[in-house]
file target22.cif (mmCIF, C-alpha atoms and all ligand atoms)
data_input
#
loop_
_atom_site.label_atom_id
_atom_site.label_comp_id
_atom_site.auth_asym_id
_atom_site.auth_seq_id
_atom_site.Cartn_x
_atom_site.Cartn_y
_atom_site.Cartn_z
CA MET A 1 -10.97 -41.84 -102.06
CA ARG A 2 -9.23 -38.74 -100.78
CA MET A 3 -5.57 -38.93 -99.68
CA HIS A 4 -4.13 -36.70 -96.96
CA PRO A 5 -3.54 -33.45 -98.88
CA SER A 6 -0.30 -32.60 -97.07
CA TYR A 7 1.60 -35.73 -98.05
CA GLU A 8 2.52 -34.36 -101.45
CA MET A 9 4.38 -31.51 -99.71
CA LEU A 10 6.49 -33.76 -97.46
CA ARG A 11 10.09 -34.46 -98.32
CA PRO A 12 10.68 -37.95 -99.63
CA GLY A 13 13.54 -39.80 -97.99
CA LYS A 14 13.00 -38.23 -94.56
CA LYS A 15 12.03 -40.19 -91.52
CA PHE A 16 8.37 -40.03 -90.50
CA PRO A 17 6.76 -39.66 -88.07
CA HIS A 18 8.74 -36.48 -87.40
CA VAL A 19 10.86 -35.94 -84.26
CA TRP A 20 8.44 -33.66 -82.43
CA CYS A 21 6.95 -35.06 -79.22
CA PRO A 22 3.41 -36.46 -79.04
CA GLY A 23 0.99 -33.54 -79.07
CA CYS A 24 3.64 -30.88 -79.81
CA GLY A 25 1.98 -27.92 -81.51
CA HIS A 26 4.75 -27.55 -84.09
CA GLY A 27 3.24 -30.26 -86.28
CA ILE A 28 -0.07 -28.37 -86.30
CA VAL A 29 1.73 -25.19 -87.40
CA GLN A 30 3.49 -27.16 -90.14
CA GLY A 31 0.12 -28.33 -91.42
CA ALA A 32 -1.23 -24.77 -91.41
CA ILE A 33 1.77 -23.52 -93.41
CA ILE A 34 1.38 -26.32 -95.98
CA ARG A 35 -2.33 -25.59 -96.40
CA ALA A 36 -1.71 -21.82 -96.73
CA VAL A 37 0.89 -22.39 -99.46
CA GLN A 38 -1.39 -24.85 -101.26
CA LYS A 39 -4.31 -22.44 -101.05
CA LEU A 40 -2.28 -19.60 -102.55
CA GLY A 41 -1.04 -22.02 -105.22
CA LEU A 42 2.57 -20.91 -104.72
CA PRO A 43 4.95 -23.03 -106.78
CA ARG A 44 7.15 -25.17 -104.58
CA ASP A 45 10.26 -24.15 -106.52
CA GLU A 46 9.71 -20.54 -105.46
CA MET A 47 9.40 -21.40 -101.77
CA VAL A 48 12.38 -21.26 -99.45
CA MET A 49 12.13 -22.35 -95.83
CA VAL A 50 14.97 -21.19 -93.60
CA SER A 51 15.49 -22.18 -89.98
CA GLY A 52 18.04 -21.85 -87.20
CA ILE A 53 18.33 -24.25 -84.30
CA GLY A 54 15.77 -25.65 -81.89
CA CYS A 55 12.72 -27.89 -82.03
CA SER A 56 11.08 -25.41 -84.42
CA SER A 57 13.99 -25.58 -86.77
CA ARG A 58 13.39 -29.18 -87.80
CA MET A 59 10.54 -28.10 -90.05
CA PRO A 60 12.50 -27.40 -93.27
CA VAL A 61 13.73 -30.98 -93.09
CA TYR A 62 10.19 -32.26 -93.50
CA VAL A 63 8.57 -29.80 -95.89
CA ASP A 64 9.70 -30.28 -99.48
CA PHE A 65 10.62 -26.68 -100.35
CA ASN A 66 14.04 -25.24 -101.03
CA SER A 67 15.52 -25.16 -97.58
CA LEU A 68 18.33 -23.93 -95.39
CA HIS A 69 18.95 -25.18 -91.86
CA THR A 70 21.37 -22.61 -90.44
CA ALA A 71 23.05 -21.51 -87.20
CA HIS A 72 21.27 -20.76 -83.93
CA GLY A 73 19.42 -17.45 -84.15
CA ARG A 74 20.80 -16.69 -87.61
CA ALA A 75 17.96 -17.88 -89.84
CA ILE A 76 16.73 -14.35 -90.48
CA ALA A 77 20.18 -13.21 -91.61
CA PHE A 78 20.52 -16.11 -94.07
CA ALA A 79 16.95 -15.56 -95.27
CA THR A 80 17.59 -11.86 -95.91
CA GLY A 81 20.53 -12.86 -98.09
CA VAL A 82 18.43 -15.34 -100.06
CA LYS A 83 15.71 -12.76 -100.64
CA LEU A 84 18.16 -10.05 -101.75
CA HIS A 85 19.80 -12.42 -104.18
CA ASN A 86 16.52 -13.53 -105.73
CA PRO A 87 13.56 -11.31 -104.80
CA LYS A 88 11.14 -13.58 -106.71
CA LEU A 89 11.38 -16.23 -104.01
CA HIS A 90 8.94 -16.50 -101.11
CA VAL A 91 11.19 -16.78 -98.10
CA ILE A 92 9.69 -18.23 -94.93
CA VAL A 93 11.70 -18.22 -91.71
CA ILE A 94 10.75 -20.90 -89.19
CA THR A 95 11.92 -20.02 -85.73
CA GLY A 96 11.14 -20.42 -82.05
CA ASP A 97 10.97 -18.09 -79.08
CA GLY A 98 14.54 -18.80 -77.98
CA ASP A 99 16.01 -18.84 -81.48
CA ALA A 100 14.30 -15.63 -82.62
CA LEU A 101 14.24 -13.53 -79.47
CA ALA A 102 17.30 -14.49 -77.43
CA ILE A 103 20.11 -15.87 -79.58
CA GLY A 104 18.77 -14.15 -82.70
CA GLY A 105 17.19 -11.14 -81.00
CA ASN A 106 19.31 -8.63 -82.85
CA HIS A 107 18.68 -10.21 -86.24
CA PHE A 108 14.97 -10.17 -85.46
CA ILE A 109 14.72 -6.47 -84.59
CA HIS A 110 17.05 -5.30 -87.33
CA ALA A 111 15.31 -7.31 -90.04
CA ALA A 112 12.07 -5.66 -88.88
CA ARG A 113 13.78 -2.26 -88.88
CA ARG A 114 15.06 -2.81 -92.42
CA ASN A 115 11.70 -4.23 -93.40
CA ALA A 116 13.33 -7.29 -94.94
CA ASP A 117 10.76 -8.97 -97.17
CA LEU A 118 10.37 -12.20 -95.18
CA THR A 119 7.52 -14.20 -93.68
CA VAL A 120 8.63 -15.12 -90.18
CA ILE A 121 6.68 -17.86 -88.43
CA LEU A 122 7.66 -17.77 -84.78
CA MET A 123 6.46 -20.88 -82.99
CA ASN A 124 6.23 -19.74 -79.40
CA ASN A 125 6.16 -22.55 -76.84
CA ASN A 126 7.50 -20.39 -73.98
CA ILE A 127 10.53 -22.59 -73.39
CA TYR A 128 13.72 -24.06 -74.87
CA GLY A 129 12.58 -27.54 -75.77
CA MET A 130 15.50 -29.15 -77.56
CA THR A 131 18.13 -28.23 -74.96
CA GLY A 132 16.17 -29.35 -71.91
CA GLY A 133 13.53 -26.87 -70.83
CA GLN A 134 15.44 -23.70 -69.96
CA TYR A 135 13.31 -20.56 -69.65
CA SER A 136 13.16 -18.37 -72.72
CA PRO A 137 12.40 -14.68 -73.40
CA THR A 138 8.72 -15.59 -73.62
CA THR A 139 8.38 -17.70 -70.48
CA PRO A 140 5.79 -15.72 -68.51
CA ILE A 141 6.91 -14.33 -65.15
CA GLY A 142 6.47 -16.86 -62.35
CA LYS A 143 6.37 -19.89 -64.68
CA ARG A 144 8.71 -22.81 -64.15
CA ALA A 145 11.52 -24.04 -66.34
CA SER A 146 14.47 -26.33 -65.71
CA THR A 147 16.56 -23.21 -65.03
CA ALA A 148 13.79 -21.58 -62.99
CA PRO A 149 12.63 -24.32 -60.60
CA TYR A 150 10.71 -21.82 -58.46
CA GLY A 151 9.45 -19.78 -61.39
CA THR A 152 11.19 -17.11 -63.45
CA ALA A 153 11.73 -13.61 -62.11
CA GLU A 154 11.80 -12.07 -65.58
CA ARG A 155 9.12 -10.41 -67.63
CA ASP A 156 8.41 -11.85 -71.07
CA PHE A 157 8.57 -10.32 -74.53
CA ASP A 158 5.51 -9.76 -76.67
CA PRO A 159 7.06 -10.70 -80.05
CA CYS A 160 4.34 -8.96 -82.10
CA ALA A 161 4.70 -5.67 -80.20
CA LEU A 162 8.48 -5.94 -80.43
CA ALA A 163 8.40 -6.47 -84.20
CA GLN A 164 5.92 -3.66 -84.73
CA ALA A 165 7.98 -1.23 -82.65
CA ALA A 166 11.04 -2.19 -84.66
CA GLY A 167 9.28 -1.44 -87.96
CA ALA A 168 7.57 -4.61 -89.21
CA ALA A 169 4.94 -4.33 -91.93
CA PHE A 170 2.62 -7.06 -90.64
CA THR A 171 2.19 -8.75 -87.26
CA ALA A 172 -0.35 -11.34 -86.19
CA ARG A 173 -0.81 -14.07 -83.61
CA GLY A 174 -2.68 -17.36 -83.73
CA VAL A 175 -3.00 -20.43 -81.54
CA VAL A 176 -2.71 -24.00 -82.77
CA TYR A 177 -6.06 -24.87 -81.20
CA ASN A 178 -7.60 -22.61 -83.83
CA ALA A 179 -5.61 -24.01 -86.73
CA VAL A 180 -8.00 -22.58 -89.32
CA GLU A 181 -7.46 -19.01 -88.12
CA LEU A 182 -3.73 -19.68 -87.94
CA GLU A 183 -3.74 -20.89 -91.54
CA LYS A 184 -5.55 -17.71 -92.65
CA LEU A 185 -3.05 -15.51 -90.80
CA ILE A 186 -0.17 -17.31 -92.48
CA GLU A 187 -1.87 -17.00 -95.85
CA THR A 188 -2.29 -13.24 -95.37
CA ALA A 189 1.29 -12.86 -94.16
CA LEU A 190 2.55 -14.64 -97.28
CA THR A 191 0.84 -12.07 -99.49
CA ARG A 192 2.33 -9.06 -97.66
CA LYS A 193 5.45 -7.20 -98.70
CA GLY A 194 8.00 -6.38 -96.05
CA PHE A 195 8.74 -7.98 -92.69
CA SER A 196 5.72 -10.11 -91.78
CA LEU A 197 5.50 -11.93 -88.48
CA VAL A 198 3.03 -14.62 -87.46
CA GLU A 199 3.45 -15.74 -83.88
CA ALA A 200 1.97 -19.21 -83.45
CA ILE A 201 1.33 -20.21 -79.85
CA SER A 202 2.35 -23.85 -79.87
CA PRO A 203 2.23 -25.89 -76.66
CA CYS A 204 5.18 -27.95 -75.44
CA PRO A 205 3.48 -30.64 -73.36
CA THR A 206 6.71 -32.52 -72.68
CA LEU A 207 8.68 -29.78 -70.91
CA TYR A 208 6.66 -26.61 -70.34
CA GLY A 209 3.44 -28.52 -69.72
CA ARG A 210 5.03 -30.98 -67.33
CA LEU A 211 7.11 -28.42 -65.41
CA ASN A 212 4.11 -26.11 -64.99
CA LYS A 213 1.62 -28.90 -64.30
CA GLU A 214 -0.48 -27.84 -67.26
CA GLY A 215 -1.07 -31.43 -68.19
CA SER A 216 -1.35 -33.21 -71.49
CA ALA A 217 -1.44 -31.79 -75.01
CA VAL A 218 -5.24 -32.05 -74.93
CA LYS A 219 -5.42 -30.05 -71.67
CA MET A 220 -3.08 -27.40 -73.08
CA LEU A 221 -5.25 -27.02 -76.18
CA GLN A 222 -8.37 -26.86 -74.02
CA TRP A 223 -6.67 -24.06 -72.10
CA GLN A 224 -6.02 -22.24 -75.39
CA LYS A 225 -9.64 -22.68 -76.37
CA ALA A 226 -10.84 -21.15 -73.09
CA ASN A 227 -8.29 -18.34 -72.92
CA THR A 228 -8.02 -16.95 -76.43
CA VAL A 229 -9.62 -13.61 -77.26
CA ASN A 230 -9.70 -12.15 -80.76
CA VAL A 231 -8.13 -8.72 -81.03
CA LYS A 232 -11.44 -7.17 -82.16
CA ALA A 233 -13.26 -8.50 -79.09
CA ALA A 234 -10.31 -7.56 -76.88
CA GLU A 235 -10.55 -3.91 -77.92
CA LYS A 236 -13.95 -3.73 -76.26
CA LEU A 237 -12.92 -5.42 -72.99
CA PRO A 238 -11.43 -3.72 -69.94
CA PRO A 239 -7.72 -4.57 -69.45
CA ASP A 240 -8.31 -6.58 -66.24
CA GLN A 241 -10.43 -9.05 -68.21
CA LEU A 242 -7.52 -9.67 -70.57
CA ASN A 243 -5.06 -10.67 -67.85
CA GLY A 244 -3.46 -13.99 -68.73
CA LYS A 245 -5.38 -14.23 -72.02
CA ILE A 246 -3.88 -14.83 -75.44
CA ILE A 247 -4.96 -12.19 -77.92
CA THR A 248 -5.10 -13.42 -81.51
CA GLY A 249 -5.62 -11.85 -84.91
CA VAL A 250 -3.88 -9.19 -86.98
CA PHE A 251 -2.30 -6.39 -84.92
CA HIS A 252 -0.53 -4.41 -87.55
CA ASP A 253 -0.87 -4.37 -91.33
CA VAL A 254 0.53 -1.44 -93.29
CA GLU A 255 1.69 -0.96 -96.83
CA THR A 256 5.42 -0.43 -96.93
CA ILE A 257 8.30 -0.38 -99.37
CA PRO A 258 10.28 -3.52 -98.64
CA TYR A 259 14.04 -3.55 -98.15
CA THR A 260 14.53 -5.57 -101.35
CA GLN A 261 13.00 -2.83 -103.45
CA ILE A 262 15.02 -0.02 -101.88
CA TYR A 263 18.16 -2.09 -102.18
CA ASN A 264 17.54 -2.70 -105.88
CA GLN A 265 16.94 0.99 -106.48
CA ILE A 266 20.32 1.72 -104.95
CA ILE A 267 21.97 -0.89 -107.17
CA GLN A 268 20.38 0.69 -110.24
CA ARG A 269 21.44 4.16 -109.16
CA ALA A 270 24.99 2.98 -108.59
CA GLN A 271 25.10 1.29 -112.00
CA ALA A 272 23.68 4.34 -113.76
CA SER A 273 26.31 6.62 -112.27
CA LYS A 274 29.19 4.55 -113.68
CA MET B 1 8.49 -50.22 -102.36
CA ALA B 2 11.08 -47.48 -102.00
CA LYS B 3 12.64 -48.30 -98.69
CA ASN B 4 14.07 -44.83 -98.24
CA SER B 5 10.77 -42.98 -98.39
CA ASP B 6 8.43 -43.14 -95.43
CA VAL B 7 6.06 -40.77 -97.24
CA MET B 8 5.84 -43.01 -100.29
CA GLU B 9 5.35 -46.04 -98.08
CA ALA B 10 2.51 -44.32 -96.21
CA ARG B 11 0.75 -43.42 -99.45
CA LEU B 12 1.12 -46.92 -100.86
CA ASN B 13 -0.14 -48.54 -97.66
CA ILE B 14 -3.13 -46.25 -97.52
CA GLU B 15 -3.96 -46.74 -101.22
CA GLU B 16 -3.71 -50.47 -100.67
CA ASP B 17 -6.30 -50.24 -97.89
CA PHE B 18 -8.54 -48.13 -100.12
CA LYS B 19 -8.30 -50.79 -102.84
CA LYS B 20 -9.20 -53.47 -100.33
CA GLY B 21 -12.45 -51.62 -99.68
CA TYR B 22 -11.72 -49.29 -96.76
CA ASP B 23 -14.71 -47.00 -96.73
CA LEU B 24 -14.88 -45.14 -93.42
CA PRO B 25 -15.05 -41.34 -93.60
CA VAL B 26 -11.81 -40.97 -91.61
CA TYR B 27 -8.53 -42.85 -91.99
CA VAL B 28 -5.89 -43.24 -89.26
CA TYR B 29 -2.39 -44.03 -90.48
CA LYS B 30 -1.28 -45.79 -87.31
CA PRO B 31 2.49 -45.95 -87.95
CA TRP B 32 2.62 -42.13 -87.72
CA CYS B 33 0.19 -41.68 -84.83
CA LYS B 34 1.78 -40.77 -81.48
CA SER B 35 -1.38 -41.30 -79.42
CA CYS B 36 -1.71 -37.68 -78.28
CA GLU B 37 -5.54 -37.96 -78.34
CA ILE B 38 -6.02 -34.45 -79.78
CA CYS B 39 -8.23 -35.77 -82.60
CA VAL B 40 -10.41 -37.71 -80.16
CA ALA B 41 -10.77 -34.78 -77.74
CA PHE B 42 -11.78 -32.15 -80.28
CA CYS B 43 -14.01 -34.06 -82.71
CA PRO B 44 -17.28 -32.13 -82.45
CA LYS B 45 -19.33 -35.30 -82.99
CA GLN B 46 -17.41 -37.80 -80.81
CA VAL B 47 -16.76 -39.96 -83.84
CA LEU B 48 -13.40 -41.13 -82.54
CA GLU B 49 -12.33 -43.18 -79.53
CA MET B 50 -8.96 -44.36 -78.29
CA GLY B 51 -8.60 -48.05 -79.07
CA GLU B 52 -6.85 -50.73 -77.01
CA ASP B 53 -3.73 -50.11 -79.08
CA ARG B 54 -3.72 -46.41 -77.98
CA LYS B 55 -4.56 -45.29 -81.50
CA PRO B 56 -7.81 -43.58 -82.46
CA ARG B 57 -10.59 -45.77 -83.77
CA VAL B 58 -13.45 -44.56 -85.96
CA ALA B 59 -16.14 -45.66 -83.51
CA ARG B 60 -19.16 -43.78 -84.86
CA PRO B 61 -18.54 -43.26 -88.60
CA ASP B 62 -22.15 -42.36 -89.32
CA ASP B 63 -21.90 -39.27 -87.12
CA CYS B 64 -18.93 -37.81 -88.98
CA ILE B 65 -19.70 -34.48 -90.65
CA LEU B 66 -16.41 -34.41 -92.65
CA CYS B 67 -15.40 -31.19 -90.90
CA ARG B 68 -11.67 -32.08 -91.00
CA GLN B 69 -11.08 -30.79 -87.46
CA CYS B 70 -9.21 -34.01 -86.68
CA GLU B 71 -7.14 -33.72 -89.85
CA ILE B 72 -6.03 -30.13 -89.32
CA ARG B 73 -5.21 -30.55 -85.62
CA CYS B 74 -3.29 -33.82 -85.82
CA PRO B 75 0.35 -32.78 -85.31
CA ASP B 76 1.55 -35.92 -87.08
CA LEU B 77 -0.50 -35.96 -90.30
CA ALA B 78 -1.75 -39.33 -89.12
CA ILE B 79 -5.50 -38.87 -89.56
CA PHE B 80 -7.51 -37.51 -92.44
CA VAL B 81 -10.94 -37.39 -94.00
CA THR B 82 -11.35 -39.73 -96.97
CA ARG B 83 -14.33 -38.04 -98.61
CA GLU B 84 -14.91 -34.64 -100.12
CA LYS B 85 -17.25 -32.37 -98.20
CA LYS B 86 -20.88 -32.59 -99.27
CA LYS B 87 -21.81 -29.53 -101.24
S1 LIG C 1 -14.06 -35.01 -89.75
FE1 LIG C 1 -14.93 -33.89 -88.01
S2 LIG C 1 -16.68 -35.13 -87.36
FE2 LIG C 1 -15.42 -36.45 -88.67
S3 LIG C 1 -14.05 -37.53 -87.24
FE3 LIG C 1 -12.94 -35.69 -87.93
S4 LIG C 1 -13.40 -34.16 -86.37
FE4 LIG C 1 -14.92 -35.80 -86.12
S1 LIG C 2 -4.15 -36.35 -83.27
FE1 LIG C 2 -2.91 -37.60 -84.67
S2 LIG C 2 -1.17 -38.34 -83.45
FE2 LIG C 2 -2.75 -37.59 -82.01
S3 LIG C 2 -3.95 -39.43 -81.50
FE3 LIG C 2 -4.99 -38.42 -83.22
S4 LIG C 2 -4.12 -39.44 -85.05
FE4 LIG C 2 -2.76 -39.93 -83.34
#
call {"tool": "encode", "arguments": {"input": "target22.cif", "output": "structure tokens"}}
result
Amino acid sequence: MRMHPSYEMLRPGKKFPHVWCPGCGHGIVQGAIIRAVQKLGLPRDEMVMVSGIGCSSRMPVYVDFNSLHTAHGRAIAFATGVKLHNPKLHVIVITGDGDALAIGGNHFIHAARRNADLTVILMNNNIYGMTGGQYSPTTPIGKRASTAPYGTAERDFDPCALAQAAGAAFTARGVVYNAVELEKLIETALTRKGFSLVEAISPCPTLYGRLNKEGSAVKMLQWQKANTVNVKAAEKLPPDQLNGKIITGVFHDVETIPYTQIYNQIIQRAQASK
Amino acid sequence: MAKNSDVMEARLNIEEDFKKGYDLPVYVYKPWCKSCEICVAFCPKQVLEMGEDRKPRVARPDDCILCRQCEIRCPDLAIFVTREKKK
């Protein structure tokens, strides 16, 4: 008989089921990451999972890699340090929309600018879950949050466009409804050098769903199914048909020299000149 | 049984059920299931149903095509396919 293939990657001694709410997309993203790592056959000892604070940031507790659970918004800074110290490691940053784009917004853009050799998985649920449903930099305009009872007046960030503009090597977006595509995007991102971002659209049924009357986890996934357009199909559609749709796939994928490599060259140059 | 490892306990419980002759194509590890119904809603063959205990039940095992859609979408790693895909 076949056992659940992810169990061997879970950390012994931790409490299961995990803390995420019923139907929270974060567990689906976790599964996709585990499968991508297993598929690439990456040794667990060479994996490092780094997180900040928020619902997203519980993941390194559950996945049995080397892990760091750091300060709010600062995961990318810690992860850059880990990667510079030991470039052989695969460093995955697990973050959320609030953690990466508000509190850690500067770390996010500057790591992309430097082209830090990290795989950043940004689980975007359009809200601050852990702290009670405040609106985040990705809450779409007009949507409700506990701090925007009549809807927010602010425009939202597109994290992939932001990262690309700042200098990222790879950007892609997937939805948890299509967990197979998401897994492939993560797999590709893990093989890329330089700053690689996968934005995973992950519903929060408990806060965002309830406040915006979007219903249960099943209804939110059905919405994803009906409103997701692949980037290749989207290129052929007029912009008005893409209003309110989620565009998925790879947006940007270029060969770059990662920060780690440039940094090491400078170290060598400095040592040679002594 | 190692009391401090929920993962170990899950594996041992499941293996125990296998030894006792569990032979459905899908297994639900109920202690981890949070009753979100995602697996039931998106099974392409309507193999699963919510039971009285608010956990999925393998209602139509013969219809299962071992596609693993339930397994990959369950946020809680609480359901999985017990057989390898037919080649
Ligand atoms: S493996 Fe596929 S067909 Fe079988 S129960 Fe799961 S989703 Fe349904
Ligand atoms: S998807 Fe998982 S947690 Fe949700 S009802 Fe099915 S088995 Fe339970």
call {"tool": "interface_residues", "arguments": {"input": "target22.cif", "of": "chain B", "to": "chain A", "cutoff": "6 Å", "atoms": "all atoms listed in the file", "output": "PyMOL selection string"}}
result
chain B and resi 4-7+32+34+36+38+73+75-76+80+82-83
call {"tool": "write_last_selection", "arguments": {"input": "target22.cif", "atoms": "C-alpha atoms", "output": "mmCIF file, in the coordinates of the input"}}
result
data_model
loop_
_atom_site.group_PDB
_atom_site.id
_atom_site.type_symbol
_atom_site.label_atom_id
_atom_site.label_comp_id
_atom_site.auth_asym_id
_atom_site.auth_seq_id
_atom_site.Cartn_x
_atom_site.Cartn_y
_atom_site.Cartn_z
ATOM 1 C CA ASN B 4 14.070 -44.830 -98.240
ATOM 2 C CA SER B 5 10.770 -42.980 -98.390
ATOM 3 C CA ASP B 6 8.430 -43.140 -95.430
ATOM 4 C CA VAL B 7 6.060 -40.770 -97.240
ATOM 5 C CA TRP B 32 2.620 -42.130 -87.720
ATOM 6 C CA LYS B 34 1.780 -40.770 -81.480
ATOM 7 C CA CYS B 36 -1.710 -37.680 -78.280
ATOM 8 C CA ILE B 38 -6.020 -34.450 -79.780
ATOM 9 C CA ARG B 73 -5.210 -30.550 -85.620
ATOM 10 C CA PRO B 75 0.350 -32.780 -85.310
ATOM 11 C CA ASP B 76 1.550 -35.920 -87.080
ATOM 12 C CA PHE B 80 -7.510 -37.510 -92.440
ATOM 13 C CA THR B 82 -11.350 -39.730 -96.970
ATOM 14 C CA ARG B 83 -14.330 -38.040 -98.610
#
call {"tool": "axis_aligned_box", "arguments": {"input": "target22.cif", "around": "ligand LIG 1 (chain C)", "padding_each_side": "6 Å", "output": "AutoDock Vina command-line options"}}
result
--center_x -14.8 --center_y -35.7 --center_z -87.9 --size_x 15.7 --size_y 15.6 --size_z 15.6
call {"tool": "atom_distance", "arguments": {"input": "target22.cif", "atom1": "CA of Lys143 (chain A)", "atom2": "CA of Asn227 (chain A)"}}
result
16.9 Å
call {"tool": "closest_residue", "arguments": {"input": "target22.cif", "among": "B:Ile72, B:Leu12, B:Ile79, B:Ile65", "to": "Pro44 (chain B)", "atoms": "all atoms listed in the file"}}
result
B:Ile65
call {"tool": "atom_distance", "arguments": {"input": "target22.cif", "atom1": "CA of Ser35 (chain B)", "atom2": "CA of Val50 (chain A)"}}
result
29.5 Å
call {"tool": "residues_around", "arguments": {"input": "target22.cif", "residues": "Thr256 (chain A)", "least_positions_apart": "4", "cutoff": "8 Å", "atoms": "only C-alpha atoms", "output": "list in words"}}
result
Ala169, Lys193 and Gly194 of chain A
call {"tool": "residues_near_ligand", "arguments": {"input": "target22.cif", "ligand": "ligand LIG 1 (chain C)", "cutoff": "12 Å", "atoms": "all atoms listed in the file", "output": "ChimeraX atom specification"}}
result
/B:24-28,37-49,56-74,78-86
call {"tool": "atom_distance", "arguments": {"input": "target22.cif", "atom1": "CA of Ile266 (chain A)", "atom2": "CA of Ala168 (chain A)"}}
result
21.2 Å
call {"tool": "closest_residue", "arguments": {"input": "target22.cif", "among": "B:Leu77, B:Glu15, B:Ala10, B:Gly51", "to": "ligand LIG 2 (chain C)", "atoms": "only C-alpha atoms and all ligand atoms"}}
result
B:Leu77
call {"tool": "residues_around", "arguments": {"input": "target22.cif", "residues": "Ala153 (chain A)", "least_positions_apart": "3", "cutoff": "10 Å", "atoms": "only C-alpha atoms", "output": "PyMOL selection string"}}
result
chain A and resi 139-144+148+150+156
call {"tool": "residues_around", "arguments": {"input": "target22.cif", "residues": "Arg58 (chain A)", "least_positions_apart": "5", "cutoff": "8 Å", "atoms": "all atoms listed in the file", "output": "list in words"}}
result
Ser51, Ile53 and His69 of chain A
call {"tool": "residues_around", "arguments": {"input": "target22.cif", "residues": "Val231 (chain A)", "least_positions_apart": "2", "cutoff": "9 Å", "atoms": "all atoms listed in the file", "output": "PyMOL selection string"}}
result
chain A and resi 229+233-235+247-251
call {"tool": "closest_residue", "arguments": {"input": "target22.cif", "among": "B:Gly21, B:Lys30, B:Asn13, B:Met8", "to": "Arg54 (chain B)", "atoms": "only C-alpha atoms"}}
result
B:Lys30
call {"tool": "build_atoms", "arguments": {"input": "target22.cif", "residues": "region 259-263 of chain A", "atoms": "all heavy atoms", "output": "CSV table (one decimal), in the frame of the given file"}}
result
chain,number,residue,atom,x,y,z
A,259,TYR,N,12.6,-3.7,-98.1
A,259,TYR,CA,14.0,-3.6,-98.2
A,259,TYR,C,14.6,-3.9,-99.5
A,259,TYR,O,15.4,-3.2,-100.1
A,259,TYR,CB,14.6,-4.5,-97.1
A,259,TYR,CG,16.1,-4.5,-96.9
A,259,TYR,CD1,16.9,-3.3,-96.9
A,259,TYR,CD2,16.8,-5.7,-96.8
A,259,TYR,CE1,18.2,-3.3,-96.7
A,259,TYR,CE2,18.2,-5.7,-96.7
A,259,TYR,CZ,18.9,-4.5,-96.6
A,259,TYR,OH,20.3,-4.5,-96.4
A,260,THR,N,14.1,-5.1,-100.1
A,260,THR,CA,14.5,-5.6,-101.4
A,260,THR,C,14.4,-4.5,-102.4
A,260,THR,O,15.3,-4.3,-103.3
A,260,THR,CB,13.7,-6.8,-101.8
A,260,THR,OG1,13.2,-7.4,-100.6
A,260,THR,CG2,14.5,-7.8,-102.6
A,261,GLN,N,13.3,-3.8,-102.4
A,261,GLN,CA,13.0,-2.8,-103.4
A,261,GLN,C,13.9,-1.6,-103.3
A,261,GLN,O,14.5,-1.2,-104.3
A,261,GLN,CB,11.5,-2.4,-103.3
A,261,GLN,CG,11.0,-1.7,-104.5
A,261,GLN,CD,9.5,-1.4,-104.3
A,261,GLN,OE1,8.8,-2.2,-103.7
A,261,GLN,NE2,9.0,-0.3,-104.8
A,262,ILE,N,14.1,-1.2,-102.1
A,262,ILE,CA,15.0,0.0,-101.9
A,262,ILE,C,16.5,-0.4,-102.3
A,262,ILE,O,17.2,0.4,-102.9
A,262,ILE,CB,14.9,0.4,-100.4
A,262,ILE,CG1,13.5,0.9,-100.1
A,262,ILE,CG2,16.0,1.6,-100.1
A,262,ILE,CD1,13.3,1.2,-98.6
A,263,TYR,N,16.8,-1.6,-101.9
A,263,TYR,CA,18.2,-2.1,-102.2
A,263,TYR,C,18.4,-2.1,-103.7
A,263,TYR,O,19.5,-1.7,-104.2
A,263,TYR,CB,18.3,-3.5,-101.6
A,263,TYR,CG,19.7,-4.0,-101.4
A,263,TYR,CD1,20.5,-3.6,-100.3
A,263,TYR,CD2,20.2,-4.9,-102.3
A,263,TYR,CE1,21.8,-4.0,-100.1
A,263,TYR,CE2,21.5,-5.4,-102.1
A,263,TYR,CZ,22.3,-4.9,-101.1
A,263,TYR,OH,23.6,-5.4,-100.9
